[in-house]
Amino acid sequence: MSIYEEKQPTQKEQPIAMKQDTARWEESDRGVWIPESVIYLFGEIAEFTLFDFMTRVRTVIRERDDKYKDESLNLLINSPGGDVSEMFGVIDFMDLIETKVNTIVRGSAQSAAAIILACGTGQRAASKHSTIMFHQGSTFSQGKLSDVRAGLEYSKSVEAKIYALLGERTKKDAKWWEEKMKSDFYLTAEDALEFGVIDVIG
């Protein structure tokens, strides 16, 4: 799914109770927050992803042991991407809180997930064989011609914000990203390190 495609809910969902195919921000299998304060973004970025992220982060910060209170949070990512509004919300929240958020890809970070990876406020990392992919958004506007035009203008403005954001957070400028993202742009961990998408491989 493109980062610009709006996911329409098919049923009423309760906060935190994410469906199997949506992003999940999980506790450890022991039912307690593990000391390193790891939070997971697995699956599609969709409705309630931002709500869950904010809730989980606040819970970790509030409940973790005092000896870990100054430690960064570790956000592990394995996601194909998803909704652009949720993506911007996650990035804005990471920027807002004082606690640093390390973003770490295990598997793949594509589309919106790749942008979240690049915008981590702590150390950004990828495992050796991770796949990272950026691409230009798609629009699926329907209806009156004026509505289609409005949708296209909105998509262009979102793209411009993304290029500017990547230009600020990486070693490449906005114009470079605009050119590269005209088609699916796949990066190895080594590429991501070279371009400043991540800070370390490991």
# chains A, B, ... in the order shown; residues from 1 in each chain; ligands from 1
>>> residues_around(residues="His129 in chain A", least_positions_apart="6", cutoff="8 Å", atoms="only C-alpha atoms", output="list in words")
Gly107, Thr188 and Ala189 of chain A
>>> residues_around(residues="Ile45 in chain A", least_positions_apart="6", cutoff="8 Å", atoms="only C-alpha atoms", output="MDAnalysis selection string")
chainID A and resid 22:23 79:83 86:87 112:113
>>> residues_around(residues="Glu71 in chain A", least_positions_apart="2", cutoff="12 Å", atoms="only C-alpha atoms", output="list in words")
Pro35, Glu36, Ser37, Val38, Val60, Ile61, Arg64, Asp65, Asp66, Lys67, Tyr68, Lys69, Leu73, Asn74, Glu98, Thr99, Lys100, Val101, Asn102 and Gly122 of chain A
>>> closest_residue(among="A:Val158, A:Ile97, A:Leu41, A:Cys119", to="Ile77 in chain A", atoms="only C-alpha atoms")
A:Leu41
>>> select_by_dssp(residues="range 78-142 of chain A", states="strand (DSSP E)", output="list in words")
Asn78, Ser79, Val101, Asn102, Thr103, Ile104, Val105, Arg106, Gly107, Ser108, Ala109, Gln110, Arg124, Ala125, Ala126, Thr131, Ile132, Met133 and Phe134 of chain A
>>> write_last_selection(atoms="N, CA and C atoms", output="mmCIF file, in the first residue's frame")
data_model
loop_
_atom_site.group_PDB
_atom_site.id
_atom_site.type_symbol
_atom_site.label_atom_id
_atom_site.label_comp_id
_atom_site.auth_asym_id
_atom_site.auth_seq_id
_atom_site.Cartn_x
_atom_site.Cartn_y
_atom_site.Cartn_z
ATOM 1 N N ASN A 78 9.721 -3.593 11.187
ATOM 2 C CA ASN A 78 9.616 -4.551 10.084
ATOM 3 C C ASN A 78 8.251 -4.308 9.456
ATOM 4 N N SER A 79 8.197 -3.404 8.485
ATOM 5 C CA SER A 79 6.904 -2.905 8.011
ATOM 6 C C SER A 79 6.961 -2.535 6.534
ATOM 7 N N VAL A 101 14.601 8.302 20.608
ATOM 8 C CA VAL A 101 14.064 7.068 20.049
ATOM 9 C C VAL A 101 15.027 6.546 18.984
ATOM 10 N N ASN A 102 15.657 5.403 19.277
ATOM 11 C CA ASN A 102 16.496 4.734 18.284
ATOM 12 C C ASN A 102 15.592 3.962 17.333
ATOM 13 N N THR A 103 15.778 4.134 16.042
ATOM 14 C CA THR A 103 14.983 3.392 15.060
ATOM 15 C C THR A 103 15.866 2.318 14.440
ATOM 16 N N ILE A 104 15.370 1.078 14.435
ATOM 17 C CA ILE A 104 16.175 -0.078 14.042
ATOM 18 C C ILE A 104 15.342 -0.968 13.129
ATOM 19 N N VAL A 105 15.805 -1.198 11.910
ATOM 20 C CA VAL A 105 15.061 -2.072 11.006
ATOM 21 C C VAL A 105 15.609 -3.484 11.091
ATOM 22 N N ARG A 106 14.697 -4.424 11.242
ATOM 23 C CA ARG A 106 14.987 -5.852 11.231
ATOM 24 C C ARG A 106 14.068 -6.485 10.193
ATOM 25 N N GLY A 107 14.600 -6.792 9.040
ATOM 26 C CA GLY A 107 13.758 -7.309 7.960
ATOM 27 C C GLY A 107 13.636 -6.263 6.876
ATOM 28 N N SER A 108 12.576 -5.465 6.935
ATOM 29 C CA SER A 108 12.416 -4.413 5.925
ATOM 30 C C SER A 108 11.709 -3.202 6.504
ATOM 31 N N ALA A 109 12.040 -2.067 5.944
ATOM 32 C CA ALA A 109 11.338 -0.808 6.230
ATOM 33 C C ALA A 109 11.071 -0.167 4.880
ATOM 34 N N GLN A 110 9.812 -0.142 4.487
ATOM 35 C CA GLN A 110 9.470 0.353 3.165
ATOM 36 C C GLN A 110 8.470 1.496 3.261
ATOM 37 N N ARG A 124 20.080 5.524 14.443
ATOM 38 C CA ARG A 124 19.310 4.813 13.423
ATOM 39 C C ARG A 124 20.148 3.649 12.907
ATOM 40 N N ALA A 125 19.560 2.462 12.858
ATOM 41 C CA ALA A 125 20.344 1.281 12.525
ATOM 42 C C ALA A 125 19.557 0.335 11.633
ATOM 43 N N ALA A 126 20.300 -0.536 10.940
ATOM 44 C CA ALA A 126 19.696 -1.591 10.123
ATOM 45 C C ALA A 126 20.564 -2.829 10.229
ATOM 46 N N THR A 131 16.151 -4.710 4.109
ATOM 47 C CA THR A 131 15.761 -4.018 2.879
ATOM 48 C C THR A 131 15.054 -2.721 3.242
ATOM 49 N N ILE A 132 15.472 -1.656 2.603
ATOM 50 C CA ILE A 132 14.879 -0.341 2.844
ATOM 51 C C ILE A 132 14.430 0.215 1.503
ATOM 52 N N MET A 133 13.205 0.703 1.439
ATOM 53 C CA MET A 133 12.686 1.177 0.160
ATOM 54 C C MET A 133 11.898 2.481 0.324
ATOM 55 N N PHE A 134 12.236 3.448 -0.516
ATOM 56 C CA PHE A 134 11.498 4.710 -0.605
ATOM 57 C C PHE A 134 10.841 4.775 -1.978
#
>>> select_by_dssp(residues="range 53-150 of chain A", states="helix (DSSP H, G or I)", output="ChimeraX atom specification")
/A:53-63,66-68,84-96,112-118,145-150
